[in-house]
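Enquirer: Submitted below is the structure of interest, expressed as structure tokens.
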Amino acid sequence: MKSILKQVKQSLRSESSDKRKEKERWFLENGGIFLKELIADCNGKSIPIRNFSPEQILKATNNFDSSCSVCDDAIFEWFKGNIEDKPYLIKRFHEDRFLEQEFQVGAAYNDIVVSARMSNHSNFLKLFGCCFEFSFPVFVFEYVEHGVLNQRGRIMVKGEETILPWSVRFKIGKETANALTYLHTAFPRITIHRDIKPTNIFLDENWIAKLSNFSTSITLPEGK
């Protein structure tokens, strides 16, 4: 967390006073909540999370333009963007929709904390970092070439819905089950995803399934 704070301070030096104060407030509020949740979840164990600047995020997504959108969920939207010549998936929560649907704000932090803990497993979408300098945190994940499944369990290719072969669908099912087994057995505190659906499953260039979105997941007390 100290390294993230250092990066943020450096990026804010050239900002106007009012804008700098606003970003500092957002960072302290968002970062403080995240740090508290991360320490509680990982028993104080350090997990490297890179801080991305708002300028990097806005440039990568062309100010969150629809042309960069990958998919739009009820409470968040995924964008494709390049940062330092490397492609990423950038997740932005719709703050208005989020609050309208009576989600607890902590659900967004729950998503990033559990994603951070699962990032070393091949069947979870890998979290690289975040930006706390917006009114609501923005998350940066690995880029996957084949995108995300739609509600019908298919993918979009050049704007057209494409049915996956049975062998690929079976592979996706097995790898999603593998991810869930890891959630349920790898840690003393069991995590229950609670939102398994096609639109939370991404596919990389080798058609490896990557489970995502822990907004509604719960972690049980140790021993339960």
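So you can find residues: chains in the structure tokens are A, B, ... in the order shown, residues in each start at 1, and ligands are numbered from 1 in order.
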Mind checking which residues fall within 10 Å of Asp72 (chain A), counting only C-alpha atoms, ignoring those fewer than 6 positions away in the same chain, and posting them as a list in words?
Expert: Ser66, Trp78, Phe79, Lys91, Arg92, Phe93, His94 and Thr199 of chain A
Enquirer: Restricted to C-alpha atoms, what would the selected residues look like written as a PDB file, in the first residue's frame?
Expert:
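Printed below is part.pdb as written:
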ATOM      1  CA  SER A  66     -18.533   2.949 -25.925  1.00  0.00           C
ATOM      2  CA  TRP A  78     -15.728  -3.897 -19.109  1.00  0.00           C
ATOM      3  CA  PHE A  79     -13.483  -1.922 -21.440  1.00  0.00           C
ATOM      4  CA  LYS A  91     -13.617  -2.788 -15.080  1.00  0.00           C
ATOM      5  CA  ARG A  92     -15.659   0.232 -14.135  1.00  0.00           C
ATOM      6  CA  PHE A  93     -18.674   0.078 -11.829  1.00  0.00           C
ATOM      7  CA  HIS A  94     -21.786   2.043 -12.750  1.00  0.00           C
ATOM      8  CA  THR A 199     -21.243 -13.461 -18.524  1.00  0.00           C
TER       9      THR A 199
END
Enquirer: Give me, as a ChimeraX atom specification, all polymer residues having an atom no more than 12 Å from Lys126 (chain A), counting only C-alpha atoms and skipping those fewer than 2 positions away in the same chain.
Expert: /A:49,88-90,112-124,128-129,139-144,202,204,209-213
Enquirer: Can I get the selected residues back with N, CA and C atoms, as a tab-separated table (two decimals), in the first residue's frame?
Expert:
chain	number	residue	atom	x	y	z
A	49	ILE	N	-0.34	-5.16	-5.69
A	49	ILE	CA	-1.37	-4.55	-6.53
A	49	ILE	C	-0.81	-3.24	-7.07
A	88	TYR	N	-5.21	-4.44	-21.71
A	88	TYR	CA	-5.82	-4.83	-20.43
A	88	TYR	C	-7.33	-4.81	-20.57
A	89	LEU	N	-8.00	-5.48	-19.64
A	89	LEU	CA	-9.43	-5.32	-19.45
A	89	LEU	C	-9.62	-4.40	-18.25
A	90	ILE	N	-10.43	-3.38	-18.42
A	90	ILE	CA	-10.62	-2.38	-17.37
A	90	ILE	C	-12.09	-2.42	-16.92
A	112	ILE	N	-12.58	-6.76	-5.58
A	112	ILE	CA	-11.15	-6.59	-5.80
A	112	ILE	C	-10.31	-7.40	-4.81
A	113	VAL	N	-10.79	-7.53	-3.57
A	113	VAL	CA	-10.03	-8.29	-2.56
A	113	VAL	C	-9.96	-9.77	-2.92
A	114	VAL	N	-11.11	-10.36	-3.27
A	114	VAL	CA	-11.11	-11.78	-3.62
A	114	VAL	C	-10.40	-12.01	-4.94
A	115	SER	N	-10.56	-11.09	-5.89
A	115	SER	CA	-9.85	-11.21	-7.17
A	115	SER	C	-8.35	-11.21	-6.95
A	116	ALA	N	-7.87	-10.36	-6.04
A	116	ALA	CA	-6.44	-10.30	-5.74
A	116	ALA	C	-5.96	-11.63	-5.17
A	117	ARG	N	-6.76	-12.23	-4.31
A	117	ARG	CA	-6.36	-13.49	-3.68
A	117	ARG	C	-6.35	-14.64	-4.69
A	118	MET	N	-7.19	-14.57	-5.73
A	118	MET	CA	-7.31	-15.67	-6.68
A	118	MET	C	-6.45	-15.50	-7.93
A	119	SER	N	-5.72	-14.41	-8.03
A	119	SER	CA	-5.05	-14.05	-9.28
A	119	SER	C	-3.97	-15.03	-9.73
A	120	ASN	N	-3.44	-15.85	-8.84
A	120	ASN	CA	-2.39	-16.78	-9.25
A	120	ASN	C	-2.93	-18.10	-9.79
A	121	HIS	N	-4.24	-18.26	-9.78
A	121	HIS	CA	-4.86	-19.49	-10.30
A	121	HIS	C	-5.25	-19.28	-11.76
A	122	SER	N	-4.96	-20.24	-12.60
A	122	SER	CA	-5.14	-20.07	-14.04
A	122	SER	C	-6.59	-19.95	-14.47
A	123	ASN	N	-7.54	-20.35	-13.63
A	123	ASN	CA	-8.95	-20.28	-14.02
A	123	ASN	C	-9.71	-19.11	-13.40
A	124	PHE	N	-8.94	-18.11	-12.96
A	124	PHE	CA	-9.54	-16.85	-12.53
A	124	PHE	C	-8.92	-15.71	-13.33
A	128	PHE	N	-4.40	-7.08	-12.09
A	128	PHE	CA	-3.09	-6.45	-12.10
A	128	PHE	C	-3.04	-5.22	-11.20
A	129	GLY	N	-4.13	-4.49	-11.12
A	129	GLY	CA	-4.08	-3.28	-10.32
A	129	GLY	C	-5.39	-2.54	-10.31
A	139	PHE	N	-10.85	-1.10	-11.77
A	139	PHE	CA	-9.94	-2.23	-11.67
A	139	PHE	C	-9.34	-2.59	-13.03
A	140	VAL	N	-8.10	-3.06	-13.02
A	140	VAL	CA	-7.38	-3.41	-14.25
A	140	VAL	C	-7.01	-4.89	-14.21
A	141	PHE	N	-7.53	-5.64	-15.18
A	141	PHE	CA	-7.32	-7.08	-15.25
A	141	PHE	C	-6.55	-7.46	-16.52
A	142	GLU	N	-6.12	-8.70	-16.57
A	142	GLU	CA	-5.46	-9.22	-17.76
A	142	GLU	C	-6.41	-9.15	-18.96
A	143	TYR	N	-5.85	-9.02	-20.13
A	143	TYR	CA	-6.64	-9.03	-21.35
A	143	TYR	C	-6.76	-10.46	-21.86
A	144	VAL	N	-7.95	-10.83	-22.31
A	144	VAL	CA	-8.16	-12.17	-22.87
A	144	VAL	C	-8.69	-12.04	-24.29
A	202	PHE	N	-14.61	-15.53	-18.82
A	202	PHE	CA	-13.82	-15.03	-19.95
A	202	PHE	C	-12.99	-16.17	-20.53
A	204	ASP	N	-9.34	-17.00	-22.72
A	204	ASP	CA	-8.09	-16.44	-23.25
A	204	ASP	C	-7.78	-17.02	-24.63
A	209	ALA	N	-10.83	-21.07	-19.53
A	209	ALA	CA	-11.89	-20.32	-18.85
A	209	ALA	C	-11.32	-19.54	-17.67
A	210	LYS	N	-11.78	-18.29	-17.54
A	210	LYS	CA	-11.33	-17.40	-16.47
A	210	LYS	C	-12.56	-16.86	-15.75
A	211	LEU	N	-12.79	-17.33	-14.53
A	211	LEU	CA	-13.94	-16.89	-13.75
A	211	LEU	C	-13.66	-15.50	-13.16
A	212	SER	N	-14.69	-14.67	-13.09
A	212	SER	CA	-14.52	-13.31	-12.58
A	212	SER	C	-15.74	-12.90	-11.76
A	213	ASN	N	-15.68	-11.69	-11.22
A	213	ASN	CA	-16.76	-11.00	-10.51
A	213	ASN	C	-17.12	-11.65	-9.17
Enquirer: Find, counting only C-alpha atoms, the residue in A:Leu203, A:Ile218, A:Leu127, A:Ala177 that gets nearest to Leu164 (chain A).
Expert: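 Checking each candidate against Leu164 (chain A), we get A:Leu203 as the closest.
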Enquirer: So that I can check the secondary structure, give me every residue of region 40-167 of chain A assigned helix (DSSP H, G or I) by backbone DSSP, as a PyMOL selection string.
Expert: chain A and resi 40-42+54-60+66-68+95-100+106-118+166-167
Enquirer: Go ahead and write the residues just picked, C-alpha atoms, as a tab-separated table (two decimals), in the first residue's frame.
Expert:
chain	number	residue	atom	x	y	z
A	40	ALA	CA	-8.87	-8.90	6.99
A	41	ASP	CA	-9.09	-11.30	4.06
A	42	CYS	CA	-5.39	-12.21	3.83
A	54	PRO	CA	-6.65	8.14	-13.79
A	55	GLU	CA	-4.86	9.62	-16.80
A	56	GLN	CA	-3.73	6.13	-17.85
A	57	ILE	CA	-7.23	4.75	-17.42
A	58	LEU	CA	-8.95	7.57	-19.32
A	59	LYS	CA	-6.44	7.48	-22.18
A	60	ALA	CA	-6.72	3.67	-22.46
A	66	SER	CA	-18.53	2.95	-25.92
A	67	SER	CA	-16.15	2.06	-28.77
A	68	CYS	CA	-13.82	0.52	-26.16
A	95	GLU	CA	-22.08	3.96	-9.51
A	96	ASP	CA	-25.65	5.12	-10.16
A	97	ARG	CA	-26.91	1.63	-11.12
A	98	PHE	CA	-24.93	0.09	-8.27
A	99	LEU	CA	-26.67	2.24	-5.68
A	100	GLU	CA	-30.08	2.06	-7.38
A	106	GLY	CA	-18.51	-2.92	0.08
A	107	ALA	CA	-19.43	-5.34	-2.73
A	108	ALA	CA	-17.03	-3.53	-5.08
A	109	TYR	CA	-14.22	-3.85	-2.56
A	110	ASN	CA	-15.15	-7.48	-2.01
A	111	ASP	CA	-14.67	-8.01	-5.74
A	112	ILE	CA	-11.15	-6.59	-5.80
A	113	VAL	CA	-10.03	-8.29	-2.56
A	114	VAL	CA	-11.11	-11.78	-3.62
A	115	SER	CA	-9.85	-11.21	-7.17
A	116	ALA	CA	-6.44	-10.30	-5.74
A	117	ARG	CA	-6.36	-13.49	-3.68
A	118	MET	CA	-7.31	-15.67	-6.68
A	166	TRP	CA	-19.07	-29.09	-27.63
A	167	SER	CA	-15.44	-29.87	-26.81
Enquirer: Ranking A:Asn51, A:Phe64, A:Ser69, A:Leu220 by minimum distance to Ile190 (chain A) and counting only C-alpha atoms, which one comes first?
Expert: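 Ranking A:Asn51, A:Phe64, A:Ser69, A:Leu220 by distance to Ile190 (chain A), first place goes to A:Leu220.
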Enquirer: With a distance cut-off of 12 Å and only C-alpha atoms, select the neighbouring residues of Lys224 (chain A), excluding the residue or stretch itself and same-chain residues fewer than 6 positions from it, and output the selection as a VMD selection string.
Expert: chain A and resid 184 to 185 187 to 191
Enquirer: Tell me which of A:Pro137, A:Pro221, A:Pro198, A:Gly159 sits closest to Thr176 (chain A), counting only C-alpha atoms.
Expert: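 Checking each candidate against Thr176 (chain A), we get A:Pro198 as the closest.
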Enquirer: Considering only strand (DSSP E or B) as DSSP defines it on the backbone, what residues of region 50-165 of chain A qualify? List them as number ranges by chain.
Expert: A: 50-51, 69-72, 76-83, 86-93, 124, 127-131, 138-142, 148, 155-157, 160-162
Enquirer: Could you check how far CA of Glu205 (chain A) sits from CA of Gly147 (chain A), in Å to one decimal?
Expert: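 According to the coordinates, CA of Glu205 (chain A) and CA of Gly147 (chain A) are separated by 9.1 Å.
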Enquirer: Separation of CA of Phe76 (chain A) and CA of Glu161 (chain A), in Å?
Expert: 21.8 Å
Enquirer: One number please: CA of Lys197 (chain A) to CA of Phe52 (chain A), in Å, one decimal.
Expert: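 These atoms are spaced 29.0 Å apart.
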